[in-house]
file model26.cif (mmCIF, C-alpha atoms and all ligand atoms)
data_coords
#
loop_
_atom_site.label_atom_id
_atom_site.label_comp_id
_atom_site.auth_asym_id
_atom_site.auth_seq_id
_atom_site.Cartn_x
_atom_site.Cartn_y
_atom_site.Cartn_z
CA MET A 21 -112.84 -32.92 -156.14
CA SER A 22 -114.38 -30.86 -153.39
CA ILE A 23 -113.26 -27.33 -152.46
CA VAL A 24 -112.36 -27.07 -148.77
CA ILE A 25 -111.68 -23.54 -147.49
CA LEU A 26 -110.25 -22.57 -144.11
CA GLY A 27 -111.32 -19.03 -143.17
CA ILE A 28 -109.39 -17.06 -140.54
CA GLU A 29 -110.46 -13.78 -138.88
CA SER A 30 -108.33 -11.78 -136.43
CA SER A 31 -108.96 -8.13 -137.30
CA CYS A 32 -110.07 -6.90 -133.89
CA ASP A 33 -110.74 -8.76 -130.64
CA ASP A 34 -112.24 -12.06 -131.86
CA THR A 35 -110.08 -14.92 -133.08
CA GLY A 36 -112.12 -16.94 -135.55
CA ALA A 37 -111.66 -19.98 -137.78
CA ALA A 38 -114.25 -21.69 -139.99
CA VAL A 39 -114.23 -24.53 -142.51
CA MET A 40 -116.40 -24.67 -145.59
CA ARG A 41 -116.70 -27.56 -148.05
CA ASP A 42 -118.20 -26.78 -151.47
CA GLY A 43 -119.98 -23.75 -150.04
CA GLU A 44 -121.38 -25.62 -147.05
CA LEU A 45 -120.30 -24.39 -143.61
CA LEU A 46 -118.88 -27.25 -141.54
CA SER A 47 -117.58 -25.35 -138.51
CA ASN A 48 -117.35 -21.80 -137.17
CA VAL A 49 -115.28 -21.27 -134.01
CA THR A 50 -114.76 -17.92 -132.26
CA ALA A 51 -112.65 -17.14 -129.20
CA SER A 52 -113.74 -13.79 -127.77
CA GLN A 53 -111.28 -11.85 -125.64
CA LYS A 54 -112.54 -11.02 -122.15
CA VAL A 55 -109.32 -9.18 -121.28
CA HIS A 56 -110.65 -5.87 -122.70
CA GLU A 57 -113.70 -5.63 -120.44
CA ALA A 58 -111.71 -4.12 -117.57
CA TYR A 59 -110.58 -1.26 -119.87
CA GLY A 60 -113.97 -0.38 -121.38
CA GLY A 61 -112.65 -0.88 -124.92
CA VAL A 62 -110.28 -2.94 -127.03
CA VAL A 63 -106.61 -2.54 -126.08
CA PRO A 64 -104.69 -3.28 -129.32
CA GLU A 65 -101.56 -4.73 -127.74
CA LEU A 66 -103.59 -7.07 -125.52
CA ALA A 67 -105.69 -8.10 -128.52
CA SER A 68 -102.57 -9.10 -130.51
CA ARG A 69 -101.24 -11.14 -127.60
CA ALA A 70 -104.57 -12.93 -127.12
CA HIS A 71 -104.72 -13.72 -130.86
CA GLN A 72 -101.24 -15.27 -130.56
CA GLN A 73 -102.51 -17.55 -127.82
CA ASN A 74 -105.83 -18.37 -129.50
CA ILE A 75 -104.95 -18.85 -133.15
CA VAL A 76 -103.60 -22.41 -133.04
CA PRO A 77 -106.29 -23.89 -130.74
CA VAL A 78 -109.09 -22.09 -132.62
CA VAL A 79 -107.95 -23.34 -136.03
CA ASP A 80 -107.40 -26.80 -134.58
CA GLN A 81 -110.91 -26.86 -133.13
CA ALA A 82 -112.49 -25.62 -136.38
CA LEU A 83 -110.76 -28.42 -138.33
CA LYS A 84 -111.75 -31.07 -135.76
CA GLN A 85 -115.37 -29.94 -135.65
CA ALA A 86 -115.50 -30.02 -139.44
CA GLY A 87 -113.87 -33.47 -139.52
CA VAL A 88 -111.26 -32.11 -141.92
CA THR A 89 -107.50 -32.67 -141.83
CA LEU A 90 -104.90 -30.12 -142.93
CA ASP A 91 -104.02 -32.07 -146.07
CA GLU A 92 -107.65 -31.86 -147.24
CA LEU A 93 -107.59 -28.03 -147.37
CA THR A 94 -107.84 -26.51 -150.86
CA ALA A 95 -107.10 -22.88 -149.89
CA ILE A 96 -106.85 -20.53 -146.92
CA CYS A 97 -108.70 -17.23 -146.80
CA VAL A 98 -107.73 -14.65 -144.19
CA THR A 99 -108.77 -11.10 -143.30
CA PHE A 100 -106.04 -8.71 -144.51
CA GLY A 101 -107.85 -5.58 -143.30
CA PRO A 102 -109.24 -3.22 -142.26
CA GLY A 103 -108.57 -3.63 -138.54
CA LEU A 104 -105.92 -3.36 -135.86
CA MET A 105 -102.53 -3.96 -137.47
CA GLY A 106 -101.11 -6.10 -134.66
CA SER A 107 -104.23 -8.27 -134.63
CA LEU A 108 -104.35 -8.64 -138.41
CA LEU A 109 -100.68 -9.66 -138.53
CA VAL A 110 -101.32 -12.68 -136.32
CA GLY A 111 -103.97 -14.13 -138.65
CA VAL A 112 -102.23 -13.10 -141.87
CA SER A 113 -98.80 -14.42 -140.83
CA PHE A 114 -100.32 -17.67 -139.59
CA ALA A 115 -102.32 -18.13 -142.82
CA LYS A 116 -99.29 -17.36 -145.00
CA GLY A 117 -97.14 -19.86 -143.13
CA LEU A 118 -99.78 -22.57 -143.32
CA ALA A 119 -100.50 -21.95 -147.01
CA ILE A 120 -96.79 -22.13 -147.85
CA SER A 121 -96.28 -25.31 -145.85
CA LEU A 122 -99.30 -27.01 -147.44
CA GLY A 123 -98.54 -25.65 -150.93
CA ILE A 124 -102.08 -24.26 -151.37
CA PRO A 125 -103.40 -20.83 -152.45
CA LEU A 126 -103.80 -17.91 -150.08
CA ILE A 127 -106.89 -15.72 -150.52
CA GLU A 128 -107.41 -12.18 -149.23
CA ALA A 129 -110.63 -11.21 -147.48
CA ASN A 130 -111.67 -7.64 -146.79
CA HIS A 131 -113.36 -7.55 -143.39
CA LEU A 132 -116.15 -5.23 -144.53
CA GLN A 133 -116.88 -7.27 -147.65
CA GLY A 134 -116.91 -10.29 -145.36
CA HIS A 135 -119.66 -8.77 -143.21
CA VAL A 136 -121.77 -8.25 -146.34
CA LEU A 137 -121.02 -11.77 -147.57
CA ALA A 138 -122.37 -13.17 -144.29
CA HIS A 139 -125.54 -13.15 -146.39
CA PHE A 140 -123.98 -15.73 -148.74
CA ILE A 141 -123.18 -18.31 -146.06
CA LYS A 142 -126.43 -20.28 -146.29
CA SER A 143 -126.95 -19.51 -149.99
CA PRO A 144 -125.95 -16.58 -152.22
CA LEU A 145 -128.19 -13.55 -152.02
CA ARG A 146 -129.47 -12.36 -155.39
CA THR A 147 -127.88 -9.05 -156.44
CA PRO A 148 -128.31 -6.13 -156.56
CA PHE A 149 -129.23 -5.38 -152.96
CA LEU A 150 -128.51 -2.66 -150.43
CA CYS A 151 -126.70 -3.55 -147.23
CA LEU A 152 -126.67 -1.53 -144.02
CA LEU A 153 -123.34 -2.44 -142.43
CA VAL A 154 -123.30 -1.33 -138.81
CA SER A 155 -120.54 -2.35 -136.43
CA GLY A 156 -118.22 -0.96 -133.79
CA GLY A 157 -116.04 0.61 -136.47
CA ASN A 158 -118.35 1.21 -139.43
CA SER A 159 -121.75 2.52 -140.43
CA GLN A 160 -122.21 2.27 -144.17
CA ILE A 161 -124.91 1.93 -146.77
CA ILE A 162 -123.52 -0.31 -149.50
CA LYS A 163 -124.89 -1.12 -152.92
CA VAL A 164 -123.93 -4.71 -153.65
CA ASN A 165 -123.79 -5.34 -157.41
CA ALA A 166 -122.05 -8.72 -157.11
CA TYR A 167 -120.13 -10.59 -154.40
CA ASN A 168 -116.96 -8.76 -155.49
CA ASP A 169 -118.48 -5.50 -156.69
CA MET A 170 -119.68 -3.16 -153.94
CA GLU A 171 -120.23 0.58 -153.86
CA ILE A 172 -120.46 2.71 -150.71
CA LEU A 173 -123.40 5.09 -151.05
CA GLY A 174 -123.06 6.66 -147.61
CA GLN A 175 -121.02 6.26 -144.45
CA THR A 176 -120.33 7.85 -141.11
CA ILE A 177 -118.21 10.96 -141.12
CA ASP A 178 -117.20 10.42 -137.47
CA ASP A 179 -118.28 7.71 -134.99
CA ALA A 180 -119.91 4.43 -135.97
CA ALA A 181 -123.33 3.41 -134.59
CA GLY A 182 -121.82 0.69 -132.38
CA GLU A 183 -119.14 3.07 -131.18
CA ALA A 184 -121.86 5.57 -130.16
CA MET A 185 -123.62 2.83 -128.17
CA ASP A 186 -120.35 1.75 -126.57
CA LYS A 187 -119.31 5.30 -125.64
CA CYS A 188 -122.74 6.25 -124.23
CA SER A 189 -122.74 2.99 -122.27
CA LYS A 190 -119.35 3.88 -120.87
CA VAL A 191 -120.45 7.33 -119.65
CA MET A 192 -123.42 5.67 -117.93
CA GLY A 193 -120.97 3.40 -116.14
CA PHE A 194 -122.13 0.20 -117.83
CA GLY A 195 -119.79 -2.49 -119.10
CA TYR A 196 -118.15 -3.10 -122.47
CA PRO A 197 -119.28 -3.69 -125.17
CA GLY A 198 -122.21 -1.37 -124.49
CA GLY A 199 -124.44 -2.35 -127.44
CA PRO A 200 -125.78 -5.60 -125.97
CA ILE A 201 -126.23 -3.97 -122.52
CA ILE A 202 -128.21 -1.06 -123.97
CA ASP A 203 -130.24 -3.54 -126.01
CA ARG A 204 -131.12 -5.56 -122.90
CA LEU A 205 -131.99 -2.51 -120.74
CA ALA A 206 -133.98 -0.89 -123.53
CA ARG A 207 -136.41 -3.80 -123.55
CA GLN A 208 -137.73 -2.60 -120.16
CA GLY A 209 -137.64 1.15 -120.89
CA ASN A 210 -139.78 3.82 -122.52
CA PRO A 211 -138.23 4.84 -125.87
CA ASP A 212 -140.09 8.18 -125.79
CA ALA A 213 -138.90 9.19 -122.32
CA TYR A 214 -136.09 11.44 -123.62
CA HIS A 215 -135.32 13.11 -126.92
CA PHE A 216 -131.75 13.48 -128.12
CA SER A 217 -130.47 15.57 -131.01
CA LYS A 218 -130.31 14.01 -134.44
CA PRO A 219 -127.66 14.97 -137.02
CA ASN A 220 -128.45 17.06 -140.04
CA ILE A 221 -125.96 15.71 -142.56
CA ALA A 222 -126.47 16.02 -146.30
CA GLY A 223 -126.88 13.00 -148.56
CA LEU A 224 -126.59 9.43 -147.36
CA ASP A 225 -123.77 9.97 -144.85
CA TYR A 226 -124.15 9.43 -141.12
CA SER A 227 -122.84 11.21 -138.04
CA PHE A 228 -123.05 9.99 -134.45
CA SER A 229 -120.57 12.15 -132.56
CA GLY A 230 -123.11 14.98 -131.96
CA LEU A 231 -125.56 12.54 -130.42
CA LYS A 232 -122.84 11.20 -128.17
CA THR A 233 -121.90 14.72 -127.01
CA SER A 234 -125.49 15.84 -126.41
CA PHE A 235 -126.11 12.63 -124.47
CA LEU A 236 -123.06 13.33 -122.33
CA TYR A 237 -124.16 16.93 -121.54
CA PHE A 238 -127.72 15.81 -120.84
CA LEU A 239 -126.47 13.26 -118.31
CA ARG A 240 -124.12 15.75 -116.71
CA ASP A 241 -126.96 18.27 -116.19
CA GLN A 242 -129.33 15.64 -114.83
CA GLN A 243 -126.71 14.21 -112.48
CA LYS A 244 -126.21 17.67 -110.96
CA GLU A 245 -129.85 17.56 -109.82
CA ASP A 246 -129.91 13.88 -108.98
CA PRO A 247 -126.57 12.04 -108.61
CA GLN A 248 -128.47 8.76 -108.94
CA PHE A 249 -130.14 9.82 -112.22
CA VAL A 250 -128.60 7.11 -114.39
CA GLU A 251 -129.29 4.40 -111.85
CA HIS A 252 -132.94 5.48 -111.51
CA HIS A 253 -133.60 5.87 -115.24
CA LYS A 254 -131.21 3.48 -116.97
CA GLU A 255 -133.92 1.56 -118.83
CA ASP A 256 -135.56 4.73 -120.21
CA LEU A 257 -132.17 6.20 -121.11
CA ALA A 258 -131.17 3.03 -122.96
CA ALA A 259 -134.51 2.78 -124.78
CA SER A 260 -134.50 6.47 -125.84
CA LEU A 261 -130.88 6.34 -126.99
CA GLU A 262 -131.43 3.13 -128.92
CA LYS A 263 -134.55 4.56 -130.57
CA THR A 264 -132.62 7.65 -131.68
CA ILE A 265 -129.79 5.59 -133.19
CA VAL A 266 -132.19 3.30 -135.01
CA GLU A 267 -134.13 6.27 -136.40
CA ILE A 268 -130.92 7.91 -137.65
CA LEU A 269 -129.87 4.65 -139.35
CA MET A 270 -133.27 3.98 -140.92
CA LYS A 271 -133.80 7.54 -142.21
CA LYS A 272 -130.78 7.39 -144.54
CA LEU A 273 -131.46 3.80 -145.51
CA LYS A 274 -134.99 4.74 -146.61
CA MET A 275 -133.48 7.58 -148.66
CA ALA A 276 -131.08 5.10 -150.30
CA VAL A 277 -133.95 2.77 -151.20
CA LYS A 278 -135.82 5.70 -152.72
CA GLN A 279 -132.80 6.93 -154.68
CA THR A 280 -131.74 3.55 -156.06
CA GLY A 281 -135.15 1.92 -156.41
CA ILE A 282 -133.61 -1.21 -154.85
CA ARG A 283 -136.03 -2.69 -152.30
CA ARG A 284 -133.96 -5.74 -151.36
CA VAL A 285 -132.21 -4.64 -148.17
CA ALA A 286 -129.81 -6.59 -145.96
CA LEU A 287 -128.44 -5.89 -142.50
CA SER A 288 -124.86 -6.74 -141.42
CA GLY A 289 -122.27 -6.19 -138.68
CA GLY A 290 -122.30 -6.41 -134.90
CA VAL A 291 -125.06 -3.84 -134.35
CA SER A 292 -127.40 -5.92 -136.53
CA ALA A 293 -127.86 -8.06 -133.40
CA ASN A 294 -129.86 -5.14 -131.97
CA THR A 295 -133.50 -5.96 -131.26
CA ALA A 296 -134.95 -2.52 -132.16
CA LEU A 297 -132.99 -2.32 -135.41
CA ARG A 298 -134.13 -5.80 -136.43
CA GLN A 299 -137.70 -4.78 -135.59
CA ALA A 300 -137.37 -1.61 -137.70
CA PHE A 301 -136.28 -3.79 -140.63
CA MET A 302 -139.24 -6.11 -140.14
CA ASN A 303 -141.58 -3.10 -140.04
CA GLN A 304 -140.21 -1.88 -143.36
CA GLN A 305 -140.87 -5.30 -144.84
CA LYS A 306 -144.54 -4.88 -143.95
CA ALA A 307 -145.05 -1.14 -144.35
CA GLY A 308 -142.39 -0.20 -146.89
CA ASN A 309 -142.68 -3.20 -149.15
CA TRP A 310 -138.99 -4.10 -148.70
CA GLU A 311 -137.58 -7.59 -148.98
CA VAL A 312 -135.33 -7.72 -145.93
CA PHE A 313 -132.46 -10.06 -145.05
CA ILE A 314 -131.30 -10.32 -141.45
CA PRO A 315 -128.44 -12.70 -140.64
CA PRO A 316 -128.55 -15.24 -137.81
CA PHE A 317 -126.94 -13.88 -134.61
CA SER A 318 -123.82 -16.03 -135.04
CA PHE A 319 -123.00 -14.27 -138.33
CA THR A 320 -123.56 -10.69 -137.12
CA THR A 321 -120.49 -10.02 -134.95
CA ASP A 322 -116.98 -10.79 -136.17
CA ASN A 323 -116.73 -14.41 -137.30
CA ALA A 324 -114.71 -16.55 -139.69
CA ALA A 325 -117.68 -18.11 -141.51
CA MET A 326 -118.03 -14.87 -143.47
CA ILE A 327 -114.32 -15.06 -144.33
CA ALA A 328 -114.58 -18.71 -145.41
CA VAL A 329 -117.50 -17.88 -147.74
CA THR A 330 -115.51 -14.97 -149.19
CA GLY A 331 -112.70 -17.48 -149.82
CA TYR A 332 -115.06 -19.92 -151.48
CA TYR A 333 -116.31 -17.42 -154.07
CA LYS A 334 -112.86 -15.98 -154.68
CA TYR A 335 -111.49 -19.51 -155.12
CA LEU A 336 -114.08 -20.19 -157.83
CA ASP A 337 -112.77 -17.07 -159.61
CA LYS A 338 -109.14 -18.10 -158.95
CA ASP A 339 -108.67 -14.73 -157.23
CA PHE A 340 -105.58 -15.50 -155.14
CA ALA A 341 -103.24 -13.30 -153.08
CA THR A 342 -99.50 -13.33 -153.53
CA ILE A 343 -97.41 -14.15 -150.49
CA ASP A 344 -95.93 -10.63 -150.39
CA LYS A 345 -99.35 -9.01 -149.96
CA ALA A 346 -99.35 -6.94 -146.76
CA ALA A 347 -102.10 -6.51 -144.18
CA TYR A 348 -103.77 -3.07 -144.18
CA SER A 349 -105.35 -1.23 -141.26
CA ARG A 350 -107.58 1.11 -143.25
CA THR A 351 -109.48 0.66 -146.46
CA THR A 352 -112.69 1.09 -148.22
CA ILE A 353 -114.67 -1.79 -149.73
O1 LIG B 1 -119.05 -6.30 -136.06
P1 LIG B 1 -118.50 -6.23 -134.70
O2 LIG B 1 -118.46 -7.50 -133.91
O3 LIG B 1 -117.03 -5.73 -134.72
C1 LIG B 1 -116.48 -4.51 -134.62
O4 LIG B 1 -116.79 -3.58 -135.38
O5 LIG B 1 -115.59 -4.43 -133.73
O6 LIG B 1 -119.37 -5.14 -133.90
C2 LIG B 1 -119.22 -4.86 -132.55
C3 LIG B 1 -120.22 -3.77 -132.20
C4 LIG B 1 -119.98 -3.17 -130.82
O7 LIG B 1 -120.01 -1.77 -130.92
C5 LIG B 1 -121.17 -3.69 -130.01
O8 LIG B 1 -121.56 -2.82 -128.97
C6 LIG B 1 -122.23 -3.79 -131.07
O9 LIG B 1 -121.55 -4.29 -132.20
N1 LIG B 1 -123.31 -4.71 -130.70
C7 LIG B 1 -124.58 -4.30 -130.48
C8 LIG B 1 -125.31 -5.46 -130.10
N2 LIG B 1 -124.46 -6.53 -130.10
C9 LIG B 1 -123.24 -6.04 -130.48
N3 LIG B 1 -125.14 -3.09 -130.58
C10 LIG B 1 -126.45 -3.00 -130.29
N4 LIG B 1 -127.22 -4.05 -129.90
C11 LIG B 1 -126.69 -5.28 -129.80
N5 LIG B 1 -127.46 -6.31 -129.42
#
call {"tool": "encode", "arguments": {"input": "model26.cif", "output": "structure tokens"}}
result
Amino acid sequence: MSIVILGIESSCDDTGAAVMRDGELLSNVTASQKVHEAYGGVVPELASRAHQQNIVPVVDQALKQAGVTLDELTAICVTFGPGLMGSLLVGVSFAKGLAISLGIPLIEANHLQGHVLAHFIKSPLRTPFLCLLVSGGNSQIIKVNAYNDMEILGQTIDDAAGEAMDKCSKVMGFGYPGGPIIDRLARQGNPDAYHFSKPNIAGLDYSFSGLKTSFLYFLRDQQKEDPQFVEHHKEDLAASLEKTIVEILMKKLKMAVKQTGIRRVALSGGVSANTALRQAFMNQQKAGNWEVFIPPFSFTTDNAAMIAVTGYYKYLDKDFATIDKAAYSRTTI
């Protein structure tokens, strides 16, 4: 009998549902929430309300696209955390109700583990490997020993890489989310036009708040001289900022490769869509003798395919959640 998993993701501002049969992805539907753009960031209450509206149509569409009916489902896997509590509760409550009504197991997915397991969607990635997980909320270097055994070697002590891009984009008056805008502008700019401060943090941890502050002060000083400074130099600013962030990320990752001796290195999370970061990975493959793994764009930002694949492997291990398990806003891997 085949194993059919419905994956559900609602931890932040994307409502996702995906269906997987025997480890093969049949559908992956995401409804992104435009409502936050006007506020320059995710508004938790609005996110929860949008999830409420999206969850039924998104799940319905994922089942239809997969050609699967509810009674064919073997188990439901849902993100329990970390994330925004109100958002998580929509997906978790929906999944619990559906699992109870169908009489099938409920499986817990950790959002961060899910991002790493995006590398298992097409086929499982041989372990051990290192994973650089960079998103709007996280910047971590993870040692992956097995699909369910991960160790954080280093992480940000303040802002995440994506958050730094989003905040710098906001002070330049660009839209939200800033990462893709900076990526696009940077393609036409000179990455060596400006030099911003880099953190000096011990070990494998990251810090991005100092860069954000120095960027802010730099802009303020320049705007005093030329109120149109950002408008005149936006491409160079974006390229220089992006280069700095990529260099900060790669420096610690190279240290982690050296320390662990593991040369198989994967990239995950929303910021892994970034062109310069992807290029830096490819360069390491050539120059640093790394074996690199970069996910397709559709599996970089929040999606339910990564939750469905988590569910598939946990189902094989009969690793089920009890119905009284609560969603959690904060956690480690
Ligand atoms: O993993 P993700 O979808 O979820 C959250 O952590 O919320 O990551 C979103 C982050 C945002 O900060 C966004 O600006 C960033 O990923 N991002 C990018 C790019 N596409 C998305 N950052 C840089 N370049 C991109 N092309």
call {"tool": "atom_distance", "arguments": {"input": "model26.cif", "atom1": "atom CA of Asn165 of chain A", "atom2": "atom CA of Met275 of chain A"}}
result
18.4 Å
call {"tool": "residues_near_ligand", "arguments": {"input": "model26.cif", "ligand": "ligand LIG 1 (chain B)", "cutoff": "10 Å", "atoms": "only C-alpha atoms and all ligand atoms", "output": "PyMOL selection string"}}
result
chain A and resi 31-34+52+61-62+103-104+131-132+135+153-159+180-187+189+196-204+206+262+265-266+288-298+317+319-323
call {"tool": "residues_near_point", "arguments": {"input": "model26.cif", "point": "(-124.3, 8.3, -124.9)", "cutoff": "10 Å", "atoms": "all atoms listed in the file", "output": "ChimeraX atom specification"}}
result
/A:183-192,198,216,228-239,257-258,261-262
call {"tool": "write_last_selection", "arguments": {"input": "model26.cif", "atoms": "C-alpha atoms", "output": "PDB file, keeping the file's coordinate frame"}}
result
ATOM      1  CA  GLU A 183    -119.140   3.070-131.180  1.00  0.00           C
ATOM      2  CA  ALA A 184    -121.860   5.570-130.160  1.00  0.00           C
ATOM      3  CA  MET A 185    -123.620   2.830-128.170  1.00  0.00           C
ATOM      4  CA  ASP A 186    -120.350   1.750-126.570  1.00  0.00           C
ATOM      5  CA  LYS A 187    -119.310   5.300-125.640  1.00  0.00           C
ATOM      6  CA  CYS A 188    -122.740   6.250-124.230  1.00  0.00           C
ATOM      7  CA  SER A 189    -122.740   2.990-122.270  1.00  0.00           C
ATOM      8  CA  LYS A 190    -119.350   3.880-120.870  1.00  0.00           C
ATOM      9  CA  VAL A 191    -120.450   7.330-119.650  1.00  0.00           C
ATOM     10  CA  MET A 192    -123.420   5.670-117.930  1.00  0.00           C
ATOM     11  CA  GLY A 198    -122.210  -1.370-124.490  1.00  0.00           C
ATOM     12  CA  PHE A 216    -131.750  13.480-128.120  1.00  0.00           C
ATOM     13  CA  PHE A 228    -123.050   9.990-134.450  1.00  0.00           C
ATOM     14  CA  SER A 229    -120.570  12.150-132.560  1.00  0.00           C
ATOM     15  CA  GLY A 230    -123.110  14.980-131.960  1.00  0.00           C
ATOM     16  CA  LEU A 231    -125.560  12.540-130.420  1.00  0.00           C
ATOM     17  CA  LYS A 232    -122.840  11.200-128.170  1.00  0.00           C
ATOM     18  CA  THR A 233    -121.900  14.720-127.010  1.00  0.00           C
ATOM     19  CA  SER A 234    -125.490  15.840-126.410  1.00  0.00           C
ATOM     20  CA  PHE A 235    -126.110  12.630-124.470  1.00  0.00           C
ATOM     21  CA  LEU A 236    -123.060  13.330-122.330  1.00  0.00           C
ATOM     22  CA  TYR A 237    -124.160  16.930-121.540  1.00  0.00           C
ATOM     23  CA  PHE A 238    -127.720  15.810-120.840  1.00  0.00           C
ATOM     24  CA  LEU A 239    -126.470  13.260-118.310  1.00  0.00           C
ATOM     25  CA  LEU A 257    -132.170   6.200-121.110  1.00  0.00           C
ATOM     26  CA  ALA A 258    -131.170   3.030-122.960  1.00  0.00           C
ATOM     27  CA  LEU A 261    -130.880   6.340-126.990  1.00  0.00           C
ATOM     28  CA  GLU A 262    -131.430   3.130-128.920  1.00  0.00           C
TER      29      GLU A 262
END
call {"tool": "atom_distance", "arguments": {"input": "model26.cif", "atom1": "atom CA of Lys163 of chain A", "atom2": "atom CA of Pro148 of chain A"}}
result
7.1 Å
call {"tool": "closest_residue", "arguments": {"input": "model26.cif", "among": "A:His139, A:Pro219, A:Leu109, A:Asp344", "to": "Val312 of chain A", "atoms": "all atoms listed in the file"}}
result
A:His139
call {"tool": "decode", "arguments": {"input": "model26.cif", "residues": "segment 276-282 of chain A", "atoms": "all heavy atoms", "output": "PDB file, in the first residue's frame"}}
result
ATOM      1  N   ALA A 276      33.644  26.371   9.313  1.00  0.00           N
ATOM      2  CA  ALA A 276      32.945  25.141   9.735  1.00  0.00           C
ATOM      3  C   ALA A 276      33.419  23.946   8.907  1.00  0.00           C
ATOM      4  O   ALA A 276      33.596  22.843   9.449  1.00  0.00           O
ATOM      5  CB  ALA A 276      31.431  25.327   9.582  1.00  0.00           C
ATOM      6  N   VAL A 277      33.635  24.165   7.621  1.00  0.00           N
ATOM      7  CA  VAL A 277      34.137  23.076   6.759  1.00  0.00           C
ATOM      8  C   VAL A 277      35.512  22.653   7.255  1.00  0.00           C
ATOM      9  O   VAL A 277      35.810  21.457   7.368  1.00  0.00           O
ATOM     10  CB  VAL A 277      34.189  23.536   5.272  1.00  0.00           C
ATOM     11  CG1 VAL A 277      34.980  22.556   4.419  1.00  0.00           C
ATOM     12  CG2 VAL A 277      32.780  23.707   4.722  1.00  0.00           C
ATOM     13  N   LYS A 278      36.332  23.627   7.574  1.00  0.00           N
ATOM     14  CA  LYS A 278      37.695  23.341   8.035  1.00  0.00           C
ATOM     15  C   LYS A 278      37.666  22.564   9.359  1.00  0.00           C
ATOM     16  O   LYS A 278      38.353  21.568   9.538  1.00  0.00           O
ATOM     17  CB  LYS A 278      38.444  24.663   8.220  1.00  0.00           C
ATOM     18  CG  LYS A 278      39.919  24.561   7.940  1.00  0.00           C
ATOM     19  CD  LYS A 278      40.506  25.935   7.822  1.00  0.00           C
ATOM     20  CE  LYS A 278      42.017  25.841   7.660  1.00  0.00           C
ATOM     21  NZ  LYS A 278      42.628  27.159   7.700  1.00  0.00           N
ATOM     22  N   GLN A 279      36.814  23.040  10.270  1.00  0.00           N
ATOM     23  CA  GLN A 279      36.759  22.412  11.595  1.00  0.00           C
ATOM     24  C   GLN A 279      36.218  20.995  11.570  1.00  0.00           C
ATOM     25  O   GLN A 279      36.670  20.141  12.304  1.00  0.00           O
ATOM     26  CB  GLN A 279      35.875  23.253  12.532  1.00  0.00           C
ATOM     27  CG  GLN A 279      36.599  24.456  13.086  1.00  0.00           C
ATOM     28  CD  GLN A 279      35.708  25.300  13.993  1.00  0.00           C
ATOM     29  OE1 GLN A 279      34.698  24.821  14.522  1.00  0.00           O
ATOM     30  NE2 GLN A 279      36.051  26.549  14.167  1.00  0.00           N
ATOM     31  N   THR A 280      35.205  20.761  10.736  1.00  0.00           N
ATOM     32  CA  THR A 280      34.555  19.440  10.732  1.00  0.00           C
ATOM     33  C   THR A 280      35.168  18.486   9.705  1.00  0.00           C
ATOM     34  O   THR A 280      34.991  17.277   9.811  1.00  0.00           O
ATOM     35  CB  THR A 280      33.048  19.570  10.388  1.00  0.00           C
ATOM     36  OG1 THR A 280      32.935  20.164   9.088  1.00  0.00           O
ATOM     37  CG2 THR A 280      32.304  20.401  11.410  1.00  0.00           C
ATOM     38  N   GLY A 281      35.817  19.041   8.705  1.00  0.00           N
ATOM     39  CA  GLY A 281      36.349  18.213   7.622  1.00  0.00           C
ATOM     40  C   GLY A 281      35.256  17.742   6.682  1.00  0.00           C
ATOM     41  O   GLY A 281      35.492  16.927   5.790  1.00  0.00           O
ATOM     42  N   ILE A 282      34.031  18.262   6.856  1.00  0.00           N
ATOM     43  CA  ILE A 282      32.913  17.861   5.983  1.00  0.00           C
ATOM     44  C   ILE A 282      32.863  18.836   4.803  1.00  0.00           C
ATOM     45  O   ILE A 282      32.691  20.038   4.992  1.00  0.00           O
ATOM     46  CB  ILE A 282      31.570  17.874   6.761  1.00  0.00           C
ATOM     47  CG1 ILE A 282      31.624  16.859   7.904  1.00  0.00           C
ATOM     48  CG2 ILE A 282      30.400  17.565   5.822  1.00  0.00           C
ATOM     49  CD1 ILE A 282      30.437  16.941   8.846  1.00  0.00           C
TER      50      ILE A 282
END
